[in-house]
$ cat protein_26.tsv   # TSV, C-alpha atoms and all ligand atoms
chain	number	residue	atom	x	y	z
J	1	MET	CA	14.88	-11.18	13.63
J	2	GLN	CA	11.58	-11.26	11.83
J	3	ARG	CA	11.55	-9.48	8.52
J	4	VAL	CA	8.84	-7.25	7.09
J	5	PHE	CA	8.44	-6.47	3.40
J	6	SER	CA	5.92	-4.09	1.91
J	7	GLY	CA	5.54	-1.91	-1.14
J	8	ALA	CA	3.47	0.85	-2.69
J	9	GLN	CA	3.06	1.77	-6.33
J	10	PRO	CA	4.44	5.07	-7.61
J	11	THR	CA	1.25	5.89	-9.49
J	12	GLY	CA	0.74	9.39	-8.06
J	13	ASN	CA	-2.26	10.70	-6.10
J	14	LEU	CA	-0.94	9.33	-2.81
J	15	HIS	CA	-3.92	9.45	-0.47
J	16	LEU	CA	-5.05	9.17	3.12
J	17	GLY	CA	-5.88	5.46	2.61
J	18	ASN	CA	-2.27	4.81	1.65
J	19	TYR	CA	-1.14	6.72	4.72
J	20	LEU	CA	-3.53	5.20	7.29
J	21	GLY	CA	-3.68	1.73	5.74
J	22	ALA	CA	0.00	1.40	4.91
J	23	ILE	CA	2.69	4.03	5.45
J	24	ARG	CA	1.76	4.96	9.02
J	25	ASN	CA	1.80	1.29	10.03
J	26	TRP	CA	5.12	0.77	8.28
J	27	VAL	CA	6.59	3.52	10.42
J	28	ALA	CA	5.39	1.81	13.61
J	29	LEU	CA	6.75	-1.61	12.58
J	30	GLN	CA	10.29	-0.22	12.47
J	31	ASN	CA	10.54	-0.69	16.25
J	32	ASP	CA	9.93	-4.44	16.18
J	33	PHE	CA	11.06	-5.75	12.80
J	34	GLU	CA	13.81	-5.52	10.25
J	35	CYS	CA	11.88	-3.62	7.56
J	36	ILE	CA	12.25	-3.54	3.79
J	37	TYR	CA	10.05	-0.99	2.03
J	38	CYS	CA	9.84	-0.76	-1.70
J	39	VAL	CA	8.60	1.68	-4.32
J	40	VAL	CA	7.16	-0.89	-6.71
J	41	ASP	CA	7.61	0.68	-10.13
J	42	LEU	CA	7.50	-2.68	-11.93
J	43	HIS	CA	3.96	-3.06	-10.59
J	44	ALA	CA	3.09	0.49	-11.62
J	45	ILE	CA	3.74	-0.16	-15.32
J	46	THR	CA	1.14	-2.95	-15.41
J	47	VAL	CA	-1.04	-0.02	-16.44
J	48	TRP	CA	0.26	2.77	-18.69
J	49	GLN	CA	2.49	5.34	-16.97
J	50	GLU	CA	3.79	8.40	-18.76
J	51	PRO	CA	7.60	8.11	-18.27
J	52	GLY	CA	8.19	11.64	-16.96
J	53	GLU	CA	5.32	11.32	-14.49
J	54	LEU	CA	6.51	7.89	-13.39
J	55	ARG	CA	9.94	9.30	-12.57
J	56	ALA	CA	8.39	12.13	-10.53
J	57	ASN	CA	5.99	9.73	-8.78
J	58	ILE	CA	8.81	7.39	-7.74
J	59	ARG	CA	10.60	10.27	-6.03
J	60	GLU	CA	7.36	11.59	-4.52
J	61	LEU	CA	6.45	8.25	-2.99
J	62	ALA	CA	9.94	7.79	-1.53
J	63	ALA	CA	9.72	11.35	-0.15
J	64	SER	CA	6.33	10.67	1.44
J	65	MET	CA	7.70	7.61	3.20
J	66	ILE	CA	10.69	9.53	4.55
J	67	ALA	CA	8.49	12.49	5.51
J	68	SER	CA	6.13	10.12	7.35
J	69	GLY	CA	8.97	8.71	9.45
J	70	ILE	CA	10.49	5.78	7.59
J	71	ASP	CA	14.16	5.68	8.51
J	72	PRO	CA	16.24	4.72	5.46
J	73	GLU	CA	19.37	4.41	7.59
J	74	LYS	CA	18.08	1.81	10.04
J	75	HIS	CA	15.83	0.05	7.54
J	76	ILE	CA	15.82	-0.39	3.77
J	77	LEU	CA	13.94	1.88	1.36
J	78	PHE	CA	14.50	1.25	-2.33
J	79	ASN	CA	13.05	1.16	-5.80
J	80	GLN	CA	11.99	-2.25	-7.19
J	81	SER	CA	13.41	-1.95	-10.72
J	82	GLN	CA	16.89	-1.30	-9.31
J	83	VAL	CA	17.06	-4.82	-7.86
J	84	SER	CA	16.87	-7.40	-10.63
J	85	ALA	CA	15.99	-10.31	-8.31
J	86	HIS	CA	12.33	-9.20	-8.33
J	87	ALA	CA	11.86	-9.68	-12.07
J	88	GLU	CA	13.97	-12.83	-12.20
J	89	LEU	CA	12.16	-14.56	-9.37
J	90	ALA	CA	8.78	-13.43	-10.74
J	91	TRP	CA	9.49	-15.34	-13.95
J	92	ILE	CA	10.22	-18.51	-12.02
J	93	PHE	CA	7.01	-17.99	-10.03
J	94	ASN	CA	5.07	-17.50	-13.29
J	95	CYS	CA	6.03	-21.07	-13.98
J	96	VAL	CA	5.01	-22.25	-10.48
J	97	ALA	CA	1.66	-20.44	-10.20
J	98	ARG	CA	-1.35	-21.90	-12.04
J	99	ILE	CA	-3.56	-19.92	-14.41
J	100	GLY	CA	-6.59	-21.05	-12.40
J	101	TRP	CA	-5.20	-19.37	-9.28
J	102	LEU	CA	-4.70	-16.06	-11.06
J	103	ASN	CA	-8.15	-16.24	-12.62
J	104	ARG	CA	-9.60	-15.92	-9.13
J	105	MET	CA	-7.90	-12.61	-8.31
J	106	THR	CA	-10.53	-9.92	-7.78
J	107	GLN	CA	-8.13	-7.00	-8.24
J	108	PHE	CA	-7.39	-8.09	-11.80
J	109	LYS	CA	-11.10	-8.28	-12.56
J	110	GLU	CA	-11.66	-4.81	-11.08
J	111	LYS	CA	-8.69	-3.17	-12.75
J	112	ALA	CA	-9.06	-4.87	-16.14
J	113	GLY	CA	-12.74	-3.93	-16.26
J	114	LYS	CA	-14.95	-5.00	-19.13
J	115	HIS	CA	-12.23	-5.13	-21.78
J	116	ARG	CA	-10.14	-7.87	-20.21
J	117	GLU	CA	-8.48	-8.82	-23.51
J	118	ASN	CA	-6.95	-5.36	-23.64
J	119	ALA	CA	-5.34	-5.54	-20.18
J	120	SER	CA	-1.58	-6.04	-20.09
J	121	LEU	CA	-0.20	-9.49	-19.43
J	122	GLY	CA	1.71	-7.84	-16.57
J	123	LEU	CA	-1.53	-6.80	-14.84
J	124	TYR	CA	-2.63	-10.42	-14.91
J	125	ALA	CA	0.71	-11.69	-13.56
J	126	TYR	CA	0.92	-8.93	-10.93
J	127	PRO	CA	0.41	-11.28	-7.94
J	128	SER	CA	3.27	-13.46	-9.08
J	129	LEU	CA	5.60	-10.43	-9.04
J	130	MET	CA	4.26	-9.54	-5.61
J	131	ALA	CA	5.16	-13.03	-4.41
J	132	ALA	CA	8.67	-12.48	-5.76
J	133	ASP	CA	8.94	-9.14	-3.93
J	134	ILE	CA	8.22	-10.79	-0.63
J	135	LEU	CA	10.00	-14.11	-1.06
J	136	ALA	CA	13.19	-12.63	-2.57
J	137	TYR	CA	13.89	-11.56	1.01
J	138	LYS	CA	12.25	-14.55	2.70
J	139	ALA	CA	10.14	-11.97	4.52
J	140	THR	CA	8.14	-13.41	7.41
J	141	HIS	CA	5.55	-10.64	7.77
J	142	VAL	CA	3.72	-8.45	5.28
J	143	PRO	CA	1.60	-5.50	6.39
J	144	VAL	CA	-1.24	-5.32	3.90
J	145	GLY	CA	-4.51	-3.51	3.54
J	146	GLU	CA	-7.68	-5.59	3.11
J	147	ASP	CA	-7.33	-5.06	-0.65
J	148	GLN	CA	-4.08	-7.06	-0.77
J	149	LYS	CA	-5.09	-10.03	1.41
J	150	GLN	CA	-5.98	-12.24	-1.53
J	151	HIS	CA	-2.62	-11.57	-3.18
J	152	LEU	CA	-0.78	-12.50	-0.01
J	153	GLU	CA	-2.68	-15.78	0.13
J	154	LEU	CA	-1.50	-16.44	-3.42
J	155	THR	CA	2.07	-15.72	-2.30
J	156	ARG	CA	1.66	-18.42	0.36
J	157	ASP	CA	0.29	-20.82	-2.28
J	158	ILE	CA	3.27	-20.13	-4.54
J	159	ALA	CA	5.74	-20.62	-1.68
J	160	THR	CA	4.06	-23.88	-0.68
J	161	LYS	CA	4.00	-25.23	-4.23
J	162	PHE	CA	7.62	-24.23	-4.85
J	163	ASN	CA	8.72	-25.95	-1.63
J	164	ASN	CA	6.75	-29.09	-2.59
J	165	ASP	CA	7.67	-29.18	-6.30
J	166	PHE	CA	11.37	-29.01	-5.55
J	167	SER	CA	11.25	-31.07	-2.34
J	168	ALA	CA	12.81	-28.07	-0.66
J	169	GLU	CA	10.82	-28.20	2.54
J	170	ASP	CA	10.76	-24.86	4.41
J	171	PHE	CA	12.83	-23.20	1.67
J	172	PHE	CA	10.45	-20.27	1.54
J	173	PRO	CA	8.75	-19.27	4.79
J	174	LEU	CA	4.99	-18.72	4.51
J	175	PRO	CA	4.63	-14.98	5.10
J	176	GLU	CA	2.03	-13.85	7.61
J	177	PRO	CA	-0.26	-10.89	6.94
J	178	LEU	CA	-0.14	-8.03	9.41
J	179	ILE	CA	-3.50	-6.29	9.16
J	180	LEU	CA	-3.06	-3.30	11.36
J	181	GLY	CA	-4.93	-0.38	12.77
J	182	PRO	CA	-8.57	0.64	12.76
J	183	ALA	CA	-8.51	2.13	9.24
J	184	THR	CA	-7.38	-0.82	7.18
J	185	ARG	CA	-9.83	0.24	4.48
J	186	VAL	CA	-10.44	3.93	3.98
J	187	MET	CA	-13.39	4.45	1.66
J	188	SER	CA	-14.04	6.96	-1.11
J	189	LEU	CA	-15.47	10.31	0.01
J	190	ARG	CA	-18.04	10.07	-2.78
J	191	ASP	CA	-19.14	6.46	-2.39
J	192	GLY	CA	-18.86	4.59	0.91
J	193	SER	CA	-18.89	1.21	-0.84
J	194	LYS	CA	-15.70	1.87	-2.85
J	195	LYS	CA	-12.20	2.11	-1.41
J	196	MET	CA	-10.31	5.38	-1.61
J	197	SER	CA	-8.00	4.80	-4.54
J	198	LYS	CA	-5.24	6.48	-6.50
J	199	SER	CA	-6.88	5.44	-9.71
J	200	ASP	CA	-10.33	6.91	-8.92
J	201	SER	CA	-11.04	9.36	-11.71
J	202	SER	CA	-12.62	11.82	-9.25
J	203	ASP	CA	-10.09	13.77	-7.19
J	204	MET	CA	-12.97	14.75	-4.85
J	205	ALA	CA	-13.19	11.08	-3.79
J	206	ARG	CA	-9.74	11.24	-2.27
J	207	ILE	CA	-7.78	13.09	0.37
J	208	ASN	CA	-4.35	13.45	-1.22
J	209	MET	CA	-1.25	13.71	0.93
J	210	THR	CA	-0.27	16.79	-1.07
J	211	ASP	CA	-3.60	18.64	-0.71
J	212	ASP	CA	-3.40	22.06	0.95
J	213	ALA	CA	-5.69	23.05	3.84
J	214	ASP	CA	-8.28	24.75	1.62
J	215	THR	CA	-8.57	21.76	-0.68
J	216	LEU	CA	-8.89	19.41	2.29
J	217	ALA	CA	-11.64	21.56	3.80
J	218	LYS	CA	-13.55	21.64	0.51
J	219	LYS	CA	-13.30	17.89	-0.07
J	220	ILE	CA	-14.44	17.05	3.45
J	221	ARG	CA	-17.28	19.61	3.30
J	222	LYS	CA	-18.51	18.04	0.06
J	223	ALA	CA	-18.02	14.43	1.21
J	224	LYS	CA	-21.18	12.37	0.82
J	225	THR	CA	-23.15	11.75	4.04
J	226	ASP	CA	-26.71	10.94	4.99
J	227	ALA	CA	-29.13	13.35	6.65
J	228	GLU	CA	-29.08	11.84	10.16
J	229	PRO	CA	-26.86	13.23	12.92
J	230	LEU	CA	-23.96	11.10	14.23
J	231	PRO	CA	-25.03	8.13	16.34
J	232	SER	CA	-23.75	7.78	19.91
J	233	GLU	CA	-22.81	4.13	19.58
J	234	ALA	CA	-20.98	2.04	16.98
J	235	ASP	CA	-24.01	-0.09	16.01
J	236	GLY	CA	-25.70	3.12	14.89
J	237	LEU	CA	-23.24	3.15	11.97
J	238	GLU	CA	-24.77	-0.04	10.54
J	239	GLY	CA	-25.95	0.60	6.97
J	240	ARG	CA	-24.34	4.07	6.95
J	241	PRO	CA	-21.05	3.46	5.11
J	242	GLU	CA	-20.25	7.15	4.48
J	243	ALA	CA	-20.81	8.06	8.12
J	244	ARG	CA	-18.75	5.09	9.23
J	245	ASN	CA	-15.91	6.10	6.95
J	246	LEU	CA	-15.65	9.67	8.25
J	247	VAL	CA	-15.82	8.52	11.86
J	248	THR	CA	-13.21	5.81	11.24
J	249	ILE	CA	-10.84	8.31	9.62
J	250	TYR	CA	-11.26	10.68	12.57
J	251	ALA	CA	-10.68	7.88	15.09
J	252	ALA	CA	-7.60	6.60	13.26
J	253	LEU	CA	-6.00	10.04	13.04
J	254	MET	CA	-6.75	10.73	16.72
J	255	ASP	CA	-5.56	7.23	17.77
J	256	LYS	CA	-8.88	6.73	19.58
J	257	PRO	CA	-11.43	3.92	19.44
J	258	VAL	CA	-14.50	4.65	17.29
J	259	ALA	CA	-16.67	4.24	20.41
J	260	ASP	CA	-14.89	7.16	22.11
J	261	VAL	CA	-15.35	9.39	19.08
J	262	LEU	CA	-19.08	8.60	19.00
J	263	ALA	CA	-19.44	9.12	22.74
J	264	GLU	CA	-18.00	12.58	22.22
J	265	HIS	CA	-19.67	13.59	18.93
J	266	GLY	CA	-22.90	11.52	18.99
J	267	GLY	CA	-25.96	13.66	18.20
J	268	THR	CA	-24.04	16.37	16.32
J	269	GLN	CA	-24.83	17.18	12.70
J	270	PHE	CA	-22.36	16.28	9.99
J	271	SER	CA	-21.67	19.93	9.23
J	272	GLY	CA	-20.10	20.30	12.68
J	273	PHE	CA	-18.32	16.97	12.66
J	274	LYS	CA	-16.85	17.68	9.23
J	275	GLN	CA	-15.28	20.85	10.62
J	276	ALA	CA	-13.69	18.86	13.47
J	277	LEU	CA	-12.51	16.24	10.98
J	278	THR	CA	-10.97	18.91	8.73
J	279	ASP	CA	-9.01	20.31	11.69
J	280	VAL	CA	-7.61	16.88	12.54
J	281	VAL	CA	-6.73	15.98	8.94
J	282	VAL	CA	-4.97	19.32	8.40
J	283	ASP	CA	-3.17	19.05	11.73
J	284	LYS	CA	-1.86	15.53	11.06
J	285	LEU	CA	-1.04	15.87	7.38
J	286	ALA	CA	0.51	19.37	7.31
J	287	PRO	CA	3.92	18.43	8.77
J	288	ILE	CA	4.22	15.52	6.31
J	289	THR	CA	3.09	17.62	3.36
J	290	GLU	CA	5.60	20.34	4.24
J	291	GLU	CA	8.48	17.88	4.51
J	292	MET	CA	7.45	16.29	1.19
J	293	ALA	CA	7.56	19.73	-0.45
J	294	ARG	CA	11.04	20.30	0.96
J	295	LEU	CA	12.28	16.93	-0.31
J	296	LYS	CA	10.79	17.63	-3.73
J	297	ASN	CA	13.45	20.31	-4.14
J	298	ASP	CA	16.18	17.82	-3.38
J	299	PRO	CA	15.80	14.97	-5.90
J	300	SER	CA	19.49	14.05	-5.71
J	301	TYR	CA	19.06	13.26	-2.00
J	302	ILE	CA	16.12	10.94	-2.78
J	303	ASP	CA	18.06	9.28	-5.60
J	304	ALA	CA	21.00	8.68	-3.27
J	305	VAL	CA	18.75	7.15	-0.60
J	306	LEU	CA	17.18	4.83	-3.18
J	307	ALA	CA	20.56	3.83	-4.63
J	308	LYS	CA	21.93	2.96	-1.20
J	309	GLY	CA	18.73	1.08	-0.37
J	310	ALA	CA	18.95	-0.92	-3.61
J	311	GLU	CA	22.50	-1.97	-2.79
J	312	ARG	CA	21.45	-3.22	0.62
J	313	ALA	CA	18.34	-4.96	-0.75
J	314	ASP	CA	20.44	-6.61	-3.44
J	315	ALA	CA	22.85	-7.92	-0.80
J	316	ILE	CA	19.96	-9.85	0.81
J	317	ALA	CA	18.13	-10.92	-2.36
J	318	GLN	CA	21.05	-12.08	-4.52
J	319	PRO	CA	22.18	-14.98	-2.28
J	320	ILE	CA	18.54	-16.14	-1.97
J	321	LEU	CA	18.11	-15.96	-5.75
J	322	ARG	CA	21.31	-17.99	-6.25
J	323	GLU	CA	19.90	-20.65	-3.93
J	324	VAL	CA	16.59	-20.62	-5.85
J	325	LYS	CA	18.45	-21.13	-9.13
J	326	GLU	CA	20.38	-24.01	-7.61
J	327	VAL	CA	17.13	-25.63	-6.40
J	328	VAL	CA	15.44	-25.15	-9.80
J	329	GLY	CA	18.38	-26.68	-11.66
J	330	PHE	CA	19.89	-23.59	-13.28
J	331	LEU	CA	23.65	-23.13	-13.44
J	332	ASN	CA	24.92	-20.19	-11.42
J	333	ARG	CA	27.71	-18.08	-12.81
X	1	LIG	P1	-4.65	1.56	-7.00
X	1	LIG	O1	-6.10	1.85	-6.75
X	1	LIG	O2	-4.12	2.16	-8.26
X	1	LIG	O3	-4.28	0.11	-6.80
X	1	LIG	P2	-3.98	2.13	-4.33
X	1	LIG	O4	-4.64	3.33	-3.81
X	1	LIG	O5	-4.58	0.80	-3.99
X	1	LIG	O6	-3.86	2.34	-5.88
X	1	LIG	P3	-1.38	0.96	-3.89
X	1	LIG	O7	-0.06	1.53	-4.25
X	1	LIG	O8	-1.93	-0.18	-4.68
X	1	LIG	O9	-2.46	2.15	-3.88
X	1	LIG	O10	-1.35	0.53	-2.37
X	1	LIG	C1	-0.35	0.96	-1.44
X	1	LIG	C2	-0.74	0.51	-0.06
X	1	LIG	O11	-1.86	1.26	0.39
X	1	LIG	C3	-1.13	-0.96	0.04
X	1	LIG	O12	-0.59	-1.50	1.24
X	1	LIG	C4	-2.64	-0.93	0.13
X	1	LIG	O13	-3.15	-2.01	0.89
X	1	LIG	C5	-2.88	0.39	0.86
X	1	LIG	N1	-4.16	0.98	0.51
X	1	LIG	C6	-4.56	1.35	-0.72
X	1	LIG	N2	-5.80	1.87	-0.69
X	1	LIG	C7	-6.19	1.84	0.61
X	1	LIG	C8	-7.39	2.25	1.31
X	1	LIG	N3	-8.39	2.80	0.66
X	1	LIG	N4	-7.45	2.05	2.64
X	1	LIG	C9	-6.42	1.51	3.30
X	1	LIG	N5	-5.27	1.10	2.72
X	1	LIG	C10	-5.15	1.26	1.39
X	2	MG	MG	-3.89	-1.03	-4.94
$ encode --input "protein_26.tsv" --output "structure tokens"
Amino acid sequence: MQRVFSGAQPTGNLHLGNYLGAIRNWVALQNDFECIYCVVDLHAITVWQEPGELRANIRELAASMIASGIDPEKHILFNQSQVSAHAELAWIFNCVARIGWLNRMTQFKEKAGKHRENASLGLYAYPSLMAADILAYKATHVPVGEDQKQHLELTRDIATKFNNDFSAEDFFPLPEPLILGPATRVMSLRDGSKKMSKSDSSDMARINMTDDADTLAKKIRKAKTDAEPLPSEADGLEGRPEARNLVTIYAALMDKPVADVLAEHGGTQFSGFKQALTDVVVDKLAPITEEMARLKNDPSYIDAVLAKGAERADAIAQPILREVKEVVGFLNR
């Protein structure tokens, strides 16, 4: 069976982009693939995380996945730092990947900002750890948002170079991206040219999965738009990134094509459309938010799910890591 791997960082502020661009698709893939989903805490600490908050965010992310419909019995849900193969394989990949390849990564440039010398070495090596996440399971398919496409290409480059360097043809499969759904890139509510992001300093830019109905209504009411009413056809969204974003979110949540949404709402003012959008967002997120709140009161259940998941992940990754060590020329115990 084909194997899917994907991960999300426990950095708090889980938002609608994470849900529409990742978690919701992960739920759907469970019907057709063997799925391995990971709370990537090793990635999270590439930027400073307060330890108490990190612990809470790990549990919250796992809870959001379960509340959204990820089945930890049929598939695997675990926490990255509990399976040592990720860090071990990442080191080997640090020695396979070239500095020139990493220098091209746009996420590093964005996240490191102007003071690149002050960024952690881990932030720079992040894509090499991501390659290890995927290849430790020889995953064949990786659902990724647009923002992770470049990193997945690097994973393929690392796999190819490893296979060539060690004359181990086909040792690692070249994982395929699965870019799914109409909302692969949900944009900020304040700036239609920036993606909705956990790390955006403005909470108003984001629809959080834990926001209550009043907060959602306020954020959507205040979302940036232009003065024109909604167009009736998709090409009318050209050059109107904020309008496009709100329509795309609505369409994704309703499971409808954008064209149908515009056929229905074309000509209406944003004030009216924002009300309709609020109703849909509240309707779709409320059951998940409620279940997350329930799970928050049961941390020992979450910890048990993650522990069981780590055991099962380890059972797949360890034999692959042993083979890697053999190929590289290390002695296995
Ligand atoms: P950060 O900005 O700190 O990197 P993030 O919001 O990108 O946080 P991640 O944990 O890096 O969150 O990403 C988790 C998953 O959510 C990834 O699969 C990523 O592609 C997806 N994702 C993140 N932001 C968006 C977005 N705005 N639209 C669609 N998908 C997104
Ligand atoms: Mg990200």
$ atom_distance --input "protein_26.tsv" --atom1 "atom CA of Gly69 of chain J" --atom2 "atom CA of Ile288 of chain J"
8.9 Å
$ closest_residue --input "protein_26.tsv" --among "J:Asn94, J:Ser128, J:Thr225, J:Thr140" --to "Met1 of chain J" --atoms "all atoms listed in the file"
J:Thr140
$ atom_distance --input "protein_26.tsv" --atom1 "atom CA of Pro319 of chain J" --atom2 "atom CA of Tyr137 of chain J"
9.6 Å
$ residues_around --input "protein_26.tsv" --residues "Pro143 of chain J" --least-positions-apart "5" --cutoff "6 Å" --atoms "all atoms listed in the file" --output "ChimeraX atom specification"
/J:177-179
$ closest_residue --input "protein_26.tsv" --among "J:Arg98, J:His15, J:Arg3, J:Arg59" --to "ligand MG 2 (chain X)" --atoms "all atoms listed in the file"
J:His15
$ atom_distance --input "protein_26.tsv" --atom1 "atom CA of Ala28 of chain J" --atom2 "atom CA of Ala87 of chain J"
28.9 Å
$ residues_near_ligand --input "protein_26.tsv" --ligand "ligand MG 2 (chain X)" --cutoff "12 Å" --atoms "only C-alpha atoms and all ligand atoms" --output "compact mmCIF listing (two decimals) with C-alpha atoms, in the frame of the given file"
# COMPACT_ATOMS: atom_id res chain seq x y z
CA GLY J 7 5.54 -1.91 -1.14
CA ALA J 8 3.47 0.85 -2.69
CA GLN J 9 3.06 1.77 -6.33
CA PRO J 10 4.44 5.07 -7.61
CA THR J 11 1.25 5.89 -9.49
CA GLY J 12 0.74 9.39 -8.06
CA ASN J 13 -2.26 10.70 -6.10
CA LEU J 14 -0.94 9.33 -2.81
CA HIS J 15 -3.92 9.45 -0.47
CA GLY J 17 -5.88 5.46 2.61
CA ASN J 18 -2.27 4.81 1.65
CA GLY J 21 -3.68 1.73 5.74
CA ALA J 22 0.00 1.40 4.91
CA VAL J 40 7.16 -0.89 -6.71
CA HIS J 43 3.96 -3.06 -10.59
CA ALA J 44 3.09 0.49 -11.62
CA THR J 46 1.14 -2.95 -15.41
CA VAL J 47 -1.04 -0.02 -16.44
CA THR J 106 -10.53 -9.92 -7.78
CA GLN J 107 -8.13 -7.00 -8.24
CA PHE J 108 -7.39 -8.09 -11.80
CA GLU J 110 -11.66 -4.81 -11.08
CA LYS J 111 -8.69 -3.17 -12.75
CA LEU J 123 -1.53 -6.80 -14.84
CA TYR J 126 0.92 -8.93 -10.93
CA PRO J 127 0.41 -11.28 -7.94
CA MET J 130 4.26 -9.54 -5.61
CA VAL J 144 -1.24 -5.32 3.90
CA GLY J 145 -4.51 -3.51 3.54
CA GLU J 146 -7.68 -5.59 3.11
CA ASP J 147 -7.33 -5.06 -0.65
CA GLN J 148 -4.08 -7.06 -0.77
CA LYS J 149 -5.09 -10.03 1.41
CA GLN J 150 -5.98 -12.24 -1.53
CA HIS J 151 -2.62 -11.57 -3.18
CA ARG J 185 -9.83 0.24 4.48
CA LYS J 195 -12.20 2.11 -1.41
CA MET J 196 -10.31 5.38 -1.61
CA SER J 197 -8.00 4.80 -4.54
CA LYS J 198 -5.24 6.48 -6.50
CA SER J 199 -6.88 5.44 -9.71
CA ASP J 200 -10.33 6.91 -8.92
$ closest_residue --input "protein_26.tsv" --among "J:Lys194, J:Arg333, J:Lys224, J:Lys74" --to "ligand LIG 1 (chain X)" --atoms "all atoms listed in the file"
J:Lys194
$ closest_residue --input "protein_26.tsv" --among "J:Ile58, J:Val328, J:Leu285, J:Ile320" --to "ligand LIG 1 (chain X)" --atoms "only C-alpha atoms and all ligand atoms"
J:Ile58
$ closest_residue --input "protein_26.tsv" --among "J:Ser120, J:Asn245, J:Asn164, J:Gln2" --to "ligand LIG 1 (chain X)" --atoms "only C-alpha atoms and all ligand atoms"
J:Asn245
$ residues_around --input "protein_26.tsv" --residues "Gly309 of chain J" --least-positions-apart "3" --cutoff "10 Å" --atoms "all atoms listed in the file" --output "ChimeraX atom specification"
/J:36-38,72-73,75-79,82-83,303-306,312-315
$ closest_residue --input "protein_26.tsv" --among "J:Ile99, J:Ala243, J:Ala213, J:Leu189" --to "Thr289 of chain J" --atoms "all atoms listed in the file"
J:Ala213
$ residues_around --input "protein_26.tsv" --residues "Asp260 of chain J" --least-positions-apart "4" --cutoff "10 Å" --atoms "all atoms listed in the file" --output "PyMOL selection string"
chain J and resi 232-234+251+256+264-266
$ residues_around --input "protein_26.tsv" --residues "Ser193 of chain J" --least-positions-apart "2" --cutoff "9 Å" --atoms "all atoms listed in the file" --output "ChimeraX atom specification"
/J:187-188,191,195,241-242
$ residues_around --input "protein_26.tsv" --residues "Leu129 of chain J" --least-positions-apart "5" --cutoff "8 Å" --atoms "all atoms listed in the file" --output "list in words"
His43, His86, Ala87, Leu89, Ala90, Trp91 and Phe93 of chain J
